[in-house]
file structure35.cif (mmCIF, C-alpha atoms)
data_input
#
loop_
_atom_site.label_atom_id
_atom_site.label_comp_id
_atom_site.auth_asym_id
_atom_site.auth_seq_id
_atom_site.Cartn_x
_atom_site.Cartn_y
_atom_site.Cartn_z
CA MET A 862 31.54 84.19 79.44
CA PHE A 863 32.31 84.15 75.71
CA ASN A 864 29.29 82.08 74.78
CA TYR A 865 29.66 83.43 71.26
CA THR A 866 31.03 82.13 67.96
CA PHE A 867 32.93 84.67 65.97
CA GLN A 868 32.02 84.65 62.27
CA TRP A 869 34.95 86.40 60.71
CA ARG A 870 34.31 84.99 57.25
CA GLN A 871 31.01 86.86 57.05
CA ALA A 872 32.85 90.09 57.71
CA PHE A 873 35.63 89.37 55.21
CA GLN A 874 33.08 88.61 52.51
CA LYS A 875 31.93 92.21 52.82
CA LEU A 876 35.44 93.60 52.45
CA PRO A 877 34.94 94.91 48.87
CA LEU A 878 31.86 96.84 50.03
CA LEU A 879 33.81 98.31 52.93
CA LEU A 880 36.68 99.35 50.66
CA ASP A 881 34.19 101.15 48.40
CA GLY A 882 33.01 102.94 51.52
CA ALA A 883 36.58 103.80 52.43
CA LEU A 884 36.93 105.59 49.08
CA VAL A 885 33.85 107.69 49.83
CA THR A 886 35.25 108.44 53.29
CA LEU A 887 38.53 109.56 51.77
CA GLN A 888 36.69 111.63 49.17
CA ILE A 889 34.65 113.48 51.80
CA ALA A 890 37.73 114.08 53.93
CA LEU A 891 39.74 115.44 51.00
CA LEU A 892 36.91 117.68 49.77
CA SER A 893 36.26 119.02 53.25
CA MET A 894 39.96 119.70 53.73
CA ALA A 895 40.30 121.51 50.39
CA MET A 896 37.31 123.74 51.13
CA GLY A 897 38.31 124.03 54.79
CA ILE A 898 41.81 125.26 53.91
CA ALA A 899 40.47 127.82 51.45
CA LEU A 900 37.95 129.12 54.00
CA ALA A 901 40.51 129.03 56.80
CA VAL A 902 42.93 131.25 54.89
CA LEU A 903 40.15 133.80 54.44
CA LEU A 904 39.15 133.51 58.10
CA ALA A 905 42.74 133.87 59.31
CA VAL A 906 43.24 136.99 57.19
CA ALA A 907 39.89 138.36 58.32
CA ARG A 908 40.75 137.82 61.99
CA ASN A 909 44.03 139.69 61.55
CA SER A 910 42.43 142.63 59.77
CA LYS A 911 41.63 145.92 61.44
CA SER A 912 38.04 146.14 60.27
CA ARG A 913 35.44 145.06 62.81
CA TRP A 914 33.15 143.86 60.04
CA ALA A 915 35.79 141.31 59.12
CA THR A 916 36.99 140.22 62.57
CA GLY A 917 33.50 139.87 64.06
CA PRO A 918 32.00 137.18 61.81
CA ALA A 919 35.35 135.40 61.50
CA THR A 920 35.73 135.23 65.28
CA VAL A 921 32.19 133.93 65.71
CA TRP A 922 32.83 131.22 63.10
CA VAL A 923 36.09 130.12 64.70
CA GLU A 924 34.78 130.11 68.27
CA VAL A 925 31.57 128.27 67.41
CA ALA A 926 33.48 125.68 65.38
CA ARG A 927 35.94 125.12 68.22
CA ASN A 928 33.52 125.18 71.14
CA THR A 929 30.69 122.94 69.97
CA PRO A 930 30.84 119.23 69.06
CA ALA A 931 31.42 118.30 65.42
CA LEU A 932 28.33 116.13 65.66
CA PHE A 933 26.31 119.21 66.65
CA GLN A 934 27.60 121.05 63.59
CA ILE A 935 26.55 118.18 61.34
CA TYR A 936 23.12 118.06 63.03
CA MET A 937 22.80 121.79 62.45
CA ALA A 938 23.43 121.32 58.71
CA HIS A 939 21.11 118.32 58.46
CA PHE A 940 18.23 119.05 60.84
CA GLY A 941 18.68 122.72 61.71
CA LEU A 942 18.54 124.09 58.18
CA GLY A 943 15.27 122.19 57.75
CA SER A 944 13.62 125.05 59.65
CA PHE A 945 14.30 127.26 56.64
CA GLY A 946 13.09 124.66 54.18
CA ILE A 947 16.65 123.73 53.21
CA HIS A 948 16.92 119.95 53.20
CA LEU A 949 20.48 118.76 52.70
CA SER A 950 21.20 115.15 51.87
CA PRO A 951 23.32 113.30 54.44
CA TYR A 952 26.33 113.55 52.13
CA VAL A 953 26.09 117.32 51.74
CA ALA A 954 25.24 117.85 55.42
CA LEU A 955 28.23 115.77 56.49
CA LEU A 956 30.51 117.58 54.07
CA ALA A 957 29.21 120.99 55.21
CA GLY A 958 29.58 120.12 58.89
CA ILE A 959 33.13 118.84 58.58
CA THR A 960 34.14 121.74 56.33
CA PHE A 961 32.78 124.21 58.89
CA ASN A 962 34.74 122.43 61.63
CA ASN A 963 37.95 122.16 59.61
CA ALA A 964 37.83 125.81 58.64
CA GLY A 965 37.43 126.86 62.28
CA TYR A 966 40.35 124.81 63.59
CA LEU A 967 42.63 125.52 60.62
CA ALA A 968 41.94 129.25 60.84
CA GLU A 969 43.50 129.27 64.31
CA THR A 970 46.47 127.25 63.05
CA PHE A 971 47.01 129.60 60.12
CA ARG A 972 46.63 132.66 62.33
CA GLY A 973 49.38 131.36 64.56
CA ALA A 974 51.54 130.66 61.50
CA LEU A 975 50.89 134.16 60.13
CA ARG A 976 52.04 135.64 63.40
CA ALA A 977 55.30 133.72 63.13
CA ILE A 978 56.12 135.33 59.76
CA PRO A 979 58.01 138.61 60.20
CA GLY A 980 56.05 141.67 59.05
CA THR A 981 59.11 142.79 57.13
CA GLN A 982 58.41 140.05 54.57
CA MET A 983 55.16 141.72 53.57
CA ARG A 984 56.73 145.17 53.56
CA ALA A 985 59.65 143.99 51.42
CA ALA A 986 57.27 142.41 48.92
CA ARG A 987 55.16 145.57 48.85
CA SER A 988 58.19 147.79 48.30
CA LEU A 989 59.18 145.61 45.36
CA GLY A 990 55.94 146.82 43.80
CA MET A 991 53.67 143.84 44.44
CA PRO A 992 50.00 144.58 45.07
CA PRO A 993 48.81 143.39 48.52
CA VAL A 994 47.01 140.29 47.27
CA GLN A 995 49.95 139.22 45.14
CA ALA A 996 52.39 139.80 47.99
CA PHE A 997 50.25 137.69 50.29
CA ARG A 998 49.80 134.94 47.75
CA LEU A 999 53.39 134.66 46.58
CA VAL A 1000 55.40 135.61 49.66
CA VAL A 1001 53.41 135.15 52.86
CA MET A 1002 51.13 132.22 52.03
CA PRO A 1003 53.82 129.67 51.07
CA GLN A 1004 55.62 130.34 54.33
CA MET A 1005 52.36 130.08 56.23
CA PHE A 1006 51.56 126.67 54.74
CA ARG A 1007 55.04 125.48 55.53
CA ILE A 1008 54.75 126.40 59.21
CA ALA A 1009 51.21 125.01 59.43
CA PHE A 1010 51.93 121.82 57.51
CA LEU A 1011 52.07 119.41 60.43
CA PRO A 1012 48.92 120.68 62.22
CA THR A 1013 47.15 120.62 58.85
CA THR A 1014 47.95 116.94 58.33
CA ASN A 1015 46.68 116.28 61.87
CA GLN A 1016 43.45 118.02 60.89
CA MET A 1017 43.24 115.76 57.84
CA VAL A 1018 43.34 112.70 60.11
CA TRP A 1019 40.66 114.35 62.25
CA ALA A 1020 38.56 114.93 59.14
CA ILE A 1021 38.76 111.23 58.28
CA LEU A 1022 37.68 110.27 61.79
CA MET A 1023 34.87 112.84 61.71
CA THR A 1024 33.39 111.37 58.53
CA SER A 1025 32.25 108.42 60.66
CA LEU A 1026 29.71 110.78 62.28
CA GLY A 1027 27.71 110.81 59.05
CA VAL A 1028 26.05 107.56 60.05
CA THR A 1029 24.09 109.45 62.74
CA VAL A 1030 22.33 111.52 60.06
CA GLY A 1031 21.61 108.55 57.83
CA MET A 1032 24.70 108.54 55.63
CA ASN A 1033 25.01 105.04 54.16
CA THR A 1034 27.70 105.19 51.50
CA ASP A 1035 30.83 105.95 53.52
CA LEU A 1036 32.82 103.42 55.53
CA ALA A 1037 30.88 103.88 58.78
CA GLY A 1038 27.56 104.00 56.95
CA ILE A 1039 28.18 100.79 55.00
CA THR A 1040 29.45 99.11 58.15
CA GLN A 1041 26.28 100.02 59.99
CA ASP A 1042 24.21 98.92 56.99
CA ILE A 1043 25.80 95.47 57.01
CA ASN A 1044 25.53 95.38 60.79
CA VAL A 1045 21.77 95.86 60.88
CA ARG A 1046 21.37 93.09 58.31
CA SER A 1047 23.70 90.49 59.76
CA PHE A 1048 23.93 91.43 63.47
CA ARG A 1049 27.64 90.55 63.37
CA THR A 1050 28.38 93.84 65.09
CA PHE A 1051 31.75 93.04 66.60
CA GLU A 1052 33.29 91.38 63.55
CA ILE A 1053 32.19 93.96 61.01
CA PHE A 1054 33.03 96.98 63.18
CA ALA A 1055 36.43 95.49 64.03
CA LEU A 1056 37.16 95.21 60.32
CA ALA A 1057 36.04 98.81 59.80
CA ALA A 1058 38.29 99.91 62.67
CA VAL A 1059 41.28 98.25 60.99
CA ILE A 1060 40.50 100.03 57.72
CA TYR A 1061 40.17 103.39 59.48
CA TYR A 1062 43.46 102.79 61.23
CA LEU A 1063 45.22 101.94 57.96
CA ILE A 1064 43.80 105.01 56.22
CA ALA A 1065 44.89 107.26 59.07
CA LYS A 1066 48.38 105.76 59.06
CA ALA A 1067 48.64 106.04 55.27
CA VAL A 1068 47.72 109.72 55.44
CA THR A 1069 50.24 110.40 58.22
CA LEU A 1070 52.98 108.55 56.36
CA GLY A 1071 52.13 110.22 53.05
CA ALA A 1072 52.22 113.63 54.70
CA ARG A 1073 55.62 112.88 56.20
CA LEU A 1074 56.99 111.83 52.81
CA MET A 1075 55.50 114.95 51.25
CA ALA A 1076 57.07 117.14 53.92
CA SER A 1077 60.51 115.66 53.37
CA ARG A 1078 60.22 116.29 49.63
CA LEU A 1079 58.69 119.76 49.88
CA PHE A 1080 60.70 121.23 52.72
CA ARG A 1081 64.20 120.06 51.88
CA TYR A 1082 65.75 123.49 52.24
CA MET B 223 11.28 131.28 64.80
CA PHE B 224 11.14 133.41 67.94
CA ASP B 225 7.66 132.19 68.74
CA THR B 226 8.44 128.83 70.25
CA ALA B 227 6.49 126.05 71.89
CA MET B 228 9.44 125.23 74.10
CA THR B 229 8.59 125.43 77.79
CA LEU B 230 10.64 125.82 80.92
CA ASN B 231 10.22 122.10 81.52
CA ASP B 232 11.86 121.37 78.18
CA LEU B 233 14.77 123.60 79.12
CA LEU B 234 15.08 121.63 82.34
CA PHE B 235 15.12 118.45 80.27
CA LEU B 236 18.02 119.87 78.25
CA MET B 237 19.80 120.76 81.48
CA LYS B 238 19.46 117.16 82.62
CA GLY B 239 21.05 116.13 79.34
CA ALA B 240 23.87 118.60 79.95
CA GLY B 241 24.30 117.00 83.38
CA MET B 242 24.73 113.62 81.71
CA THR B 243 27.32 115.10 79.33
CA LEU B 244 29.23 116.52 82.29
CA ALA B 245 29.00 113.24 84.24
CA VAL B 246 30.41 111.20 81.35
CA THR B 247 33.12 113.80 80.79
CA PHE B 248 34.00 113.83 84.48
CA PHE B 249 34.56 110.08 84.77
CA ALA B 250 36.33 109.92 81.40
CA VAL B 251 38.72 112.71 82.29
CA ILE B 252 39.45 111.38 85.79
CA GLY B 253 40.14 107.87 84.50
CA GLY B 254 41.93 109.09 81.38
CA THR B 255 44.20 111.45 83.28
CA ALA B 256 45.19 108.80 85.82
CA LEU B 257 46.04 106.33 83.05
CA GLY B 258 47.62 109.05 80.94
CA LEU B 259 49.95 110.06 83.79
CA LEU B 260 51.01 106.45 84.27
CA PHE B 261 51.52 105.73 80.56
CA GLY B 262 53.13 109.13 79.96
CA VAL B 263 55.77 108.53 82.63
CA ILE B 264 56.37 105.04 81.26
CA ARG B 265 56.73 106.33 77.72
CA ALA B 266 59.05 109.17 78.73
CA GLN B 267 61.27 107.09 81.01
CA LEU B 268 61.61 103.66 79.42
CA ASN B 269 63.29 102.61 76.20
CA PRO B 270 60.95 103.34 73.24
CA TRP B 271 61.43 99.79 71.93
CA ALA B 272 60.40 98.28 75.25
CA VAL B 273 57.10 100.18 75.29
CA LEU B 274 56.32 99.70 71.60
CA PRO B 275 53.18 97.62 72.33
CA LEU B 276 51.82 100.36 74.59
CA THR B 277 52.64 103.03 72.00
CA PHE B 278 50.85 101.01 69.34
CA VAL B 279 47.70 100.44 71.39
CA LEU B 280 47.47 104.11 72.35
CA ASP B 281 47.99 105.05 68.70
CA VAL B 282 45.04 102.84 67.75
CA PHE B 283 42.82 104.76 70.16
CA ARG B 284 43.78 107.96 68.37
CA SER B 285 43.43 106.62 64.82
CA VAL B 286 40.06 104.85 64.99
CA PRO B 287 36.89 106.96 65.10
CA LEU B 288 35.42 107.22 68.59
CA LEU B 289 32.02 106.11 67.29
CA ILE B 290 33.51 102.83 66.05
CA GLN B 291 35.31 102.37 69.37
CA LEU B 292 32.06 102.84 71.26
CA VAL B 293 30.16 100.34 69.11
CA LEU B 294 33.00 97.82 69.33
CA ALA B 295 33.28 98.10 73.09
CA ASN B 296 29.54 97.78 73.51
CA ALA B 297 29.45 94.70 71.27
CA PHE B 298 32.41 93.23 73.11
CA GLN B 299 30.94 93.69 76.55
CA SER B 300 27.78 91.87 75.51
CA ILE B 301 29.82 89.08 73.87
CA ALA B 302 31.87 88.72 77.03
CA GLY B 303 28.68 88.74 79.09
CA LEU B 304 29.85 91.60 81.30
CA GLN B 305 26.37 93.18 81.32
CA LEU B 306 27.76 96.67 81.70
CA PRO B 307 25.22 99.47 81.44
CA PRO B 308 25.80 101.84 78.46
CA PHE B 309 26.88 104.55 80.88
CA ALA B 310 29.79 102.46 82.20
CA THR B 311 30.80 101.34 78.70
CA SER B 312 30.79 104.94 77.49
CA CYS B 313 32.87 106.12 80.44
CA ILE B 314 35.43 103.33 79.98
CA VAL B 315 35.82 103.91 76.23
CA LEU B 316 36.07 107.66 76.66
CA ALA B 317 38.57 107.22 79.51
CA LEU B 318 40.82 105.05 77.32
CA TYR B 319 40.43 107.51 74.46
CA THR B 320 41.36 110.37 76.81
CA SER B 321 44.32 108.46 78.19
CA ALA B 322 45.77 108.04 74.68
CA TYR B 323 45.89 111.81 74.21
CA CYS B 324 46.85 112.51 77.81
CA THR B 325 49.86 110.18 77.47
CA GLU B 326 51.23 112.31 74.65
CA ILE B 327 50.70 115.49 76.65
CA VAL B 328 52.45 114.05 79.73
CA ARG B 329 55.31 112.62 77.69
CA GLY B 330 55.82 115.92 75.87
CA ALA B 331 55.79 117.83 79.15
CA ILE B 332 58.32 115.50 80.79
CA ASP B 333 60.57 115.69 77.72
CA ALA B 334 60.37 119.48 77.92
CA VAL B 335 62.18 119.43 81.28
CA PRO B 336 65.89 119.90 80.41
CA SER B 337 67.87 116.75 81.10
CA VAL B 338 70.65 118.78 82.76
CA THR B 339 68.14 119.97 85.35
CA ARG B 340 67.23 116.40 86.13
CA ARG B 341 70.84 115.28 86.26
CA ALA B 342 71.60 118.14 88.62
CA ALA B 343 68.75 117.00 90.85
CA ARG B 344 69.99 113.43 90.86
CA SER B 345 73.57 114.45 91.56
CA LEU B 346 72.37 116.44 94.56
CA GLY B 347 71.25 113.09 95.95
CA LEU B 348 67.53 113.16 95.12
CA THR B 349 66.04 109.77 94.40
CA TRP B 350 64.18 109.18 91.12
CA GLY B 351 60.88 109.63 92.94
CA GLN B 352 61.97 112.87 94.57
CA ASP B 353 63.31 114.15 91.26
CA MET B 354 59.95 113.36 89.67
CA ARG B 355 57.95 114.97 92.47
CA PHE B 356 59.91 118.10 93.26
CA VAL B 357 61.66 118.93 89.98
CA VAL B 358 59.92 117.37 87.00
CA PHE B 359 56.32 117.66 88.17
CA PRO B 360 56.27 121.43 88.84
CA MET B 361 58.10 122.22 85.60
CA ALA B 362 56.12 119.79 83.46
CA LEU B 363 52.79 120.96 84.89
CA ARG B 364 53.16 124.41 83.32
CA VAL B 365 53.74 122.85 79.92
CA ALA B 366 50.98 120.27 80.24
CA LEU B 367 48.12 122.18 81.86
CA PRO B 368 46.97 124.31 78.89
CA SER B 369 46.94 121.26 76.60
CA TRP B 370 45.20 119.23 79.29
CA ILE B 371 42.44 121.84 79.51
CA GLY B 372 42.09 121.65 75.75
CA LEU B 373 41.87 117.87 75.97
CA THR B 374 39.17 118.02 78.65
CA LEU B 375 37.08 120.33 76.49
CA GLY B 376 37.67 118.07 73.51
CA VAL B 377 36.43 115.08 75.47
CA MET B 378 33.35 117.00 76.55
CA LYS B 379 32.53 117.71 72.91
CA ASP B 380 33.34 114.16 71.80
CA SER B 381 31.13 112.77 74.57
CA ALA B 382 28.17 113.75 72.36
CA LEU B 383 28.84 110.49 70.49
CA VAL B 384 27.64 108.37 73.42
CA LEU B 385 24.11 109.07 72.18
CA TRP B 386 24.77 106.18 69.78
CA LEU B 387 24.69 103.79 72.75
CA GLY B 388 21.38 105.23 73.89
CA LEU B 389 22.56 107.59 76.60
CA ILE B 390 20.43 110.72 76.76
CA GLU B 391 23.05 113.42 76.92
CA LEU B 392 22.72 117.04 75.81
CA LEU B 393 22.61 116.57 72.05
CA ARG B 394 20.30 113.55 72.26
CA SER B 395 17.87 115.33 74.57
CA GLY B 396 17.85 118.17 72.06
CA GLN B 397 17.04 115.68 69.34
CA ILE B 398 14.17 114.27 71.40
CA LEU B 399 12.73 117.76 71.79
CA VAL B 400 13.11 118.35 68.05
CA THR B 401 11.05 115.27 67.29
CA ARG B 402 8.32 116.48 69.61
CA LEU B 403 8.24 120.22 68.92
CA GLN B 404 9.34 120.22 65.26
CA GLU B 405 11.51 123.31 65.68
CA PRO B 406 14.95 121.96 64.81
CA MET B 407 16.76 125.26 64.30
CA PHE B 408 15.64 126.91 67.53
CA ILE B 409 16.24 123.88 69.76
CA LEU B 410 19.60 123.07 68.22
CA LEU B 411 20.62 126.71 68.72
CA VAL B 412 19.76 126.37 72.42
CA VAL B 413 21.74 123.11 72.60
CA GLY B 414 24.68 124.75 70.84
CA ALA B 415 24.51 127.70 73.20
CA ILE B 416 24.69 125.36 76.21
CA TYR B 417 27.73 123.57 74.76
CA PHE B 418 29.31 126.91 73.98
CA LEU B 419 28.74 128.22 77.50
CA MET B 420 30.25 125.07 79.01
CA SER B 421 33.30 125.19 76.75
CA PHE B 422 34.15 128.78 75.84
CA PRO B 423 34.96 130.27 79.29
CA ILE B 424 37.28 127.38 80.13
CA ALA B 425 38.91 127.55 76.69
CA ARG B 426 39.57 131.24 77.30
CA LEU B 427 41.03 130.48 80.73
CA GLY B 428 43.34 127.89 79.18
CA GLY B 429 44.47 130.33 76.51
CA GLN B 430 45.20 133.01 79.09
CA LEU B 431 47.10 130.57 81.29
CA GLU B 432 49.23 129.56 78.34
CA LYS B 433 50.00 133.16 77.46
CA ARG B 434 50.84 134.21 81.00
CA TRP B 435 53.12 131.29 81.63
CA ARG B 436 54.92 131.80 78.37
CA GLU B 437 55.60 135.44 79.26
CA ASN B 438 57.21 134.45 82.55
CA ASP B 439 59.55 131.96 80.97
#

call {"tool": "encode", "arguments": {"input": "structure35.cif", "output": "structure tokens"}}
result
Amino acid sequence: MFNYTFQWRQAFQKLPLLLDGALVTLQIALLSMAMGIALAVLLAVARNSKSRWATGPATVWVEVARNTPALFQIYMAHFGLGSFGIHLSPYVALLAGITFNNAGYLAETFRGALRAIPGTQMRAARSLGMPPVQAFRLVVMPQMFRIAFLPTTNQMVWAILMTSLGVTVGMNTDLAGITQDINVRSFRTFEIFALAAVIYYLIAKAVTLGARLMASRLFRY
Amino acid sequence: MFDTAMTLNDLLFLMKGAGMTLAVTFFAVIGGTALGLLFGVIRAQLNPWAVLPLTFVLDVFRSVPLLIQLVLANAFQSIAGLQLPPFATSCIVLALYTSAYCTEIVRGAIDAVPSVTRRAARSLGLTWGQDMRFVVFPMALRVALPSWIGLTLGVMKDSALVLWLGLIELLRSGQILVTRLQEPMFILLVVGAIYFLMSFPIARLGGQLEKRWREND
């Protein structure tokens, strides 16, 4: 047992490369969250509407996103769309897959938050003369984000963890991709992946902590 | 797209993959729930400072991507010369991963039982064990079960990642068919449909259970 010499120095020498990858990881996660939130608001509104043409597609999106693996969704973007002659690069496929997933989960969160806001808020805003879109944007939406803040930050951590799936479709610029790249060259699997795990952990903690600070500043009243 | 070269045999191959997915999920959830119950009770009952190491380790399992955990565990088992097959490694990693989430569910459910109820039970002469079994367990179960169902489904979906260790589960068997038949969209749709059918009915059941139990509160 343990007939193995750990070569930690080799892993630490690659630290700058890994940190570059961490930036790409963070970038993908932030982009996918921004687009996911925008789509999720639309989906949540669509699911609450009375028109079947709106609820149908929105429900399909949400249920597919929530009932299939994230990896499957990324495969669909990368390999599946190839059937139609659309060839996405690993970066775009990964981003599309995670955005699809984020939007599905966040839509449910936002829908729950919308339900918690009294309908009188909307009616009061409307009777003050606001058009529907303005009333939603200025009165309902801020309250919705406030209620959904904590689940949204959880989703952000999920998005960061999901970016690691890109390596399965050939992504080689994010943290997991670079780690795998170094791994296949040096065969120091344990050392390099342990270092990557520490970086992922620190990123996740930083996001959680940052969100908590933000919440205490934003929601003081 | 509707004219496919996929045969019944290929569908059977996918079903075998789905069987592998279910097998991994089964062992992971059994192991994870057992550990989660144990850790959850420990975390709910003992001083938070005393169980800080446990809290930290479980937090790591939730903050590091599962793919990285799988690769690390696989590398570690070969370093340690354990000679575990990939199936066992996958099940162990997924079980630990499940236990980290299950602990939070169990702890939350135990905390949701009002402390006055528990004190009343103890002052009636029930021992700690009896209090746990006859008072806390039935009340906590209603809080925990819907989340636990969600966790089980989550683990089933996350189990797709074990393909990285070479296990031929549902998604991987789909990928193998894609390489052979060159119809990625159609085959992936079939794979997605199988996942959906395994997950959606149970998700619905969980949602209904949650709603019904909330109404009766």

call {"tool": "atom_distance", "arguments": {"input": "structure35.cif", "atom1": "atom CA of Val902 of chain A", "atom2": "atom CA of Ala968 of chain A"}}
result
6.4 Å

call {"tool": "atom_distance", "arguments": {"input": "structure35.cif", "atom1": "atom CA of Val338 of chain B", "atom2": "atom CA of Ala256 of chain B"}}
result
27.5 Å

call {"tool": "interface_residues", "arguments": {"input": "structure35.cif", "of": "chain B", "to": "chain A", "cutoff": "8 Å", "atoms": "all atoms listed in the file", "output": "PyMOL selection string"}}
result
chain B and resi 282+285-291+293-294+297-298+301-304+379-380+382-383+386+393+405-408+410+414+417-418+421-422

call {"tool": "residues_near_point", "arguments": {"input": "structure35.cif", "point": "(58.6, 124.0, 52.5)", "cutoff": "9 Å", "atoms": "all atoms listed in the file", "output": "list in words"}}
result
Pro1003, Gln1004, Phe1006, Arg1007, Ile1008, Phe1010, Ala1076, Ser1077, Arg1078, Leu1079, Phe1080, Arg1081 and Tyr1082 of chain A

call {"tool": "residues_around", "arguments": {"input": "structure35.cif", "residues": "segment 250-252 of chain B", "least_positions_apart": "2", "cutoff": "12 Å", "atoms": "all atoms listed in the file", "output": "PyMOL selection string"}}
result
chain B and resi 243-248+254-259+309-324+370-378+380-381+384

call {"tool": "write_last_selection", "arguments": {"input": "structure35.cif", "atoms": "C-alpha atoms", "output": "PDB file, in the coordinates of the input"}}
result
ATOM      1  CA  THR B 243      27.320 115.100  79.330  1.00  0.00           C
ATOM      2  CA  LEU B 244      29.230 116.520  82.290  1.00  0.00           C
ATOM      3  CA  ALA B 245      29.000 113.240  84.240  1.00  0.00           C
ATOM      4  CA  VAL B 246      30.410 111.200  81.350  1.00  0.00           C
ATOM      5  CA  THR B 247      33.120 113.800  80.790  1.00  0.00           C
ATOM      6  CA  PHE B 248      34.000 113.830  84.480  1.00  0.00           C
ATOM      7  CA  GLY B 254      41.930 109.090  81.380  1.00  0.00           C
ATOM      8  CA  THR B 255      44.200 111.450  83.280  1.00  0.00           C
ATOM      9  CA  ALA B 256      45.190 108.800  85.820  1.00  0.00           C
ATOM     10  CA  LEU B 257      46.040 106.330  83.050  1.00  0.00           C
ATOM     11  CA  GLY B 258      47.620 109.050  80.940  1.00  0.00           C
ATOM     12  CA  LEU B 259      49.950 110.060  83.790  1.00  0.00           C
ATOM     13  CA  PHE B 309      26.880 104.550  80.880  1.00  0.00           C
ATOM     14  CA  ALA B 310      29.790 102.460  82.200  1.00  0.00           C
ATOM     15  CA  THR B 311      30.800 101.340  78.700  1.00  0.00           C
ATOM     16  CA  SER B 312      30.790 104.940  77.490  1.00  0.00           C
ATOM     17  CA  CYS B 313      32.870 106.120  80.440  1.00  0.00           C
ATOM     18  CA  ILE B 314      35.430 103.330  79.980  1.00  0.00           C
ATOM     19  CA  VAL B 315      35.820 103.910  76.230  1.00  0.00           C
ATOM     20  CA  LEU B 316      36.070 107.660  76.660  1.00  0.00           C
ATOM     21  CA  ALA B 317      38.570 107.220  79.510  1.00  0.00           C
ATOM     22  CA  LEU B 318      40.820 105.050  77.320  1.00  0.00           C
ATOM     23  CA  TYR B 319      40.430 107.510  74.460  1.00  0.00           C
ATOM     24  CA  THR B 320      41.360 110.370  76.810  1.00  0.00           C
ATOM     25  CA  SER B 321      44.320 108.460  78.190  1.00  0.00           C
ATOM     26  CA  ALA B 322      45.770 108.040  74.680  1.00  0.00           C
ATOM     27  CA  TYR B 323      45.890 111.810  74.210  1.00  0.00           C
ATOM     28  CA  CYS B 324      46.850 112.510  77.810  1.00  0.00           C
ATOM     29  CA  TRP B 370      45.200 119.230  79.290  1.00  0.00           C
ATOM     30  CA  ILE B 371      42.440 121.840  79.510  1.00  0.00           C
ATOM     31  CA  GLY B 372      42.090 121.650  75.750  1.00  0.00           C
ATOM     32  CA  LEU B 373      41.870 117.870  75.970  1.00  0.00           C
ATOM     33  CA  THR B 374      39.170 118.020  78.650  1.00  0.00           C
ATOM     34  CA  LEU B 375      37.080 120.330  76.490  1.00  0.00           C
ATOM     35  CA  GLY B 376      37.670 118.070  73.510  1.00  0.00           C
ATOM     36  CA  VAL B 377      36.430 115.080  75.470  1.00  0.00           C
ATOM     37  CA  MET B 378      33.350 117.000  76.550  1.00  0.00           C
ATOM     38  CA  ASP B 380      33.340 114.160  71.800  1.00  0.00           C
ATOM     39  CA  SER B 381      31.130 112.770  74.570  1.00  0.00           C
ATOM     40  CA  VAL B 384      27.640 108.370  73.420  1.00  0.00           C
TER      41      VAL B 384
END

call {"tool": "atom_distance", "arguments": {"input": "structure35.cif", "atom1": "atom CA of Thr920 of chain A", "atom2": "atom CA of Val413 of chain B"}}
result
19.9 Å

call {"tool": "resolve_selection", "arguments": {"input": "structure35.cif", "expression": "the PyMOL selection byres ((chain A and resi 1013) around 10)", "output": "list of chain:residue names"}}
result
A:Met894, A:Ile898, A:Asn963, A:Tyr966, A:Leu967, A:Thr970, A:Phe971, A:Phe1006, A:Arg1007, A:Ile1008, A:Ala1009, A:Phe1010, A:Leu1011, A:Pro1012, A:Thr1014, A:Asn1015, A:Gln1016, A:Met1017, A:Val1018, A:Trp1019, A:Ala1072

call {"tool": "write_last_selection", "arguments": {"input": "structure35.cif", "atoms": "C-alpha atoms", "output": "CSV table (one decimal), in the frame of the given file"}}
result
chain,number,residue,atom,x,y,z
A,894,MET,CA,40.0,119.7,53.7
A,898,ILE,CA,41.8,125.3,53.9
A,963,ASN,CA,38.0,122.2,59.6
A,966,TYR,CA,40.4,124.8,63.6
A,967,LEU,CA,42.6,125.5,60.6
A,970,THR,CA,46.5,127.2,63.0
A,971,PHE,CA,47.0,129.6,60.1
A,1006,PHE,CA,51.6,126.7,54.7
A,1007,ARG,CA,55.0,125.5,55.5
A,1008,ILE,CA,54.8,126.4,59.2
A,1009,ALA,CA,51.2,125.0,59.4
A,1010,PHE,CA,51.9,121.8,57.5
A,1011,LEU,CA,52.1,119.4,60.4
A,1012,PRO,CA,48.9,120.7,62.2
A,1014,THR,CA,48.0,116.9,58.3
A,1015,ASN,CA,46.7,116.3,61.9
A,1016,GLN,CA,43.4,118.0,60.9
A,1017,MET,CA,43.2,115.8,57.8
A,1018,VAL,CA,43.3,112.7,60.1
A,1019,TRP,CA,40.7,114.4,62.2
A,1072,ALA,CA,52.2,113.6,54.7

call {"tool": "closest_residue", "arguments": {"input": "structure35.cif", "among": "A:Pro877, A:Gly1027, A:Pro992, A:Gly973", "to": "Ala957 of chain A", "atoms": "all atoms listed in the file"}}
result
A:Gly1027

call {"tool": "residues_around", "arguments": {"input": "structure35.cif", "residues": "Pro918 of chain A", "least_positions_apart": "5", "cutoff": "10 Å", "atoms": "all atoms listed in the file", "output": "PDB file with C-alpha atoms, in the frame of the given file"}}
result
ATOM      1  CA  LEU A 904      39.150 133.510  58.100  1.00  0.00           C
ATOM      2  CA  ALA A 907      39.890 138.360  58.320  1.00  0.00           C
ATOM      3  CA  ARG A 908      40.750 137.820  61.990  1.00  0.00           C
ATOM      4  CA  ARG A 913      35.440 145.060  62.810  1.00  0.00           C
ATOM      5  CA  VAL A 923      36.090 130.120  64.700  1.00  0.00           C
ATOM      6  CA  GLU A 924      34.780 130.110  68.270  1.00  0.00           C
TER       7      GLU A 924
END
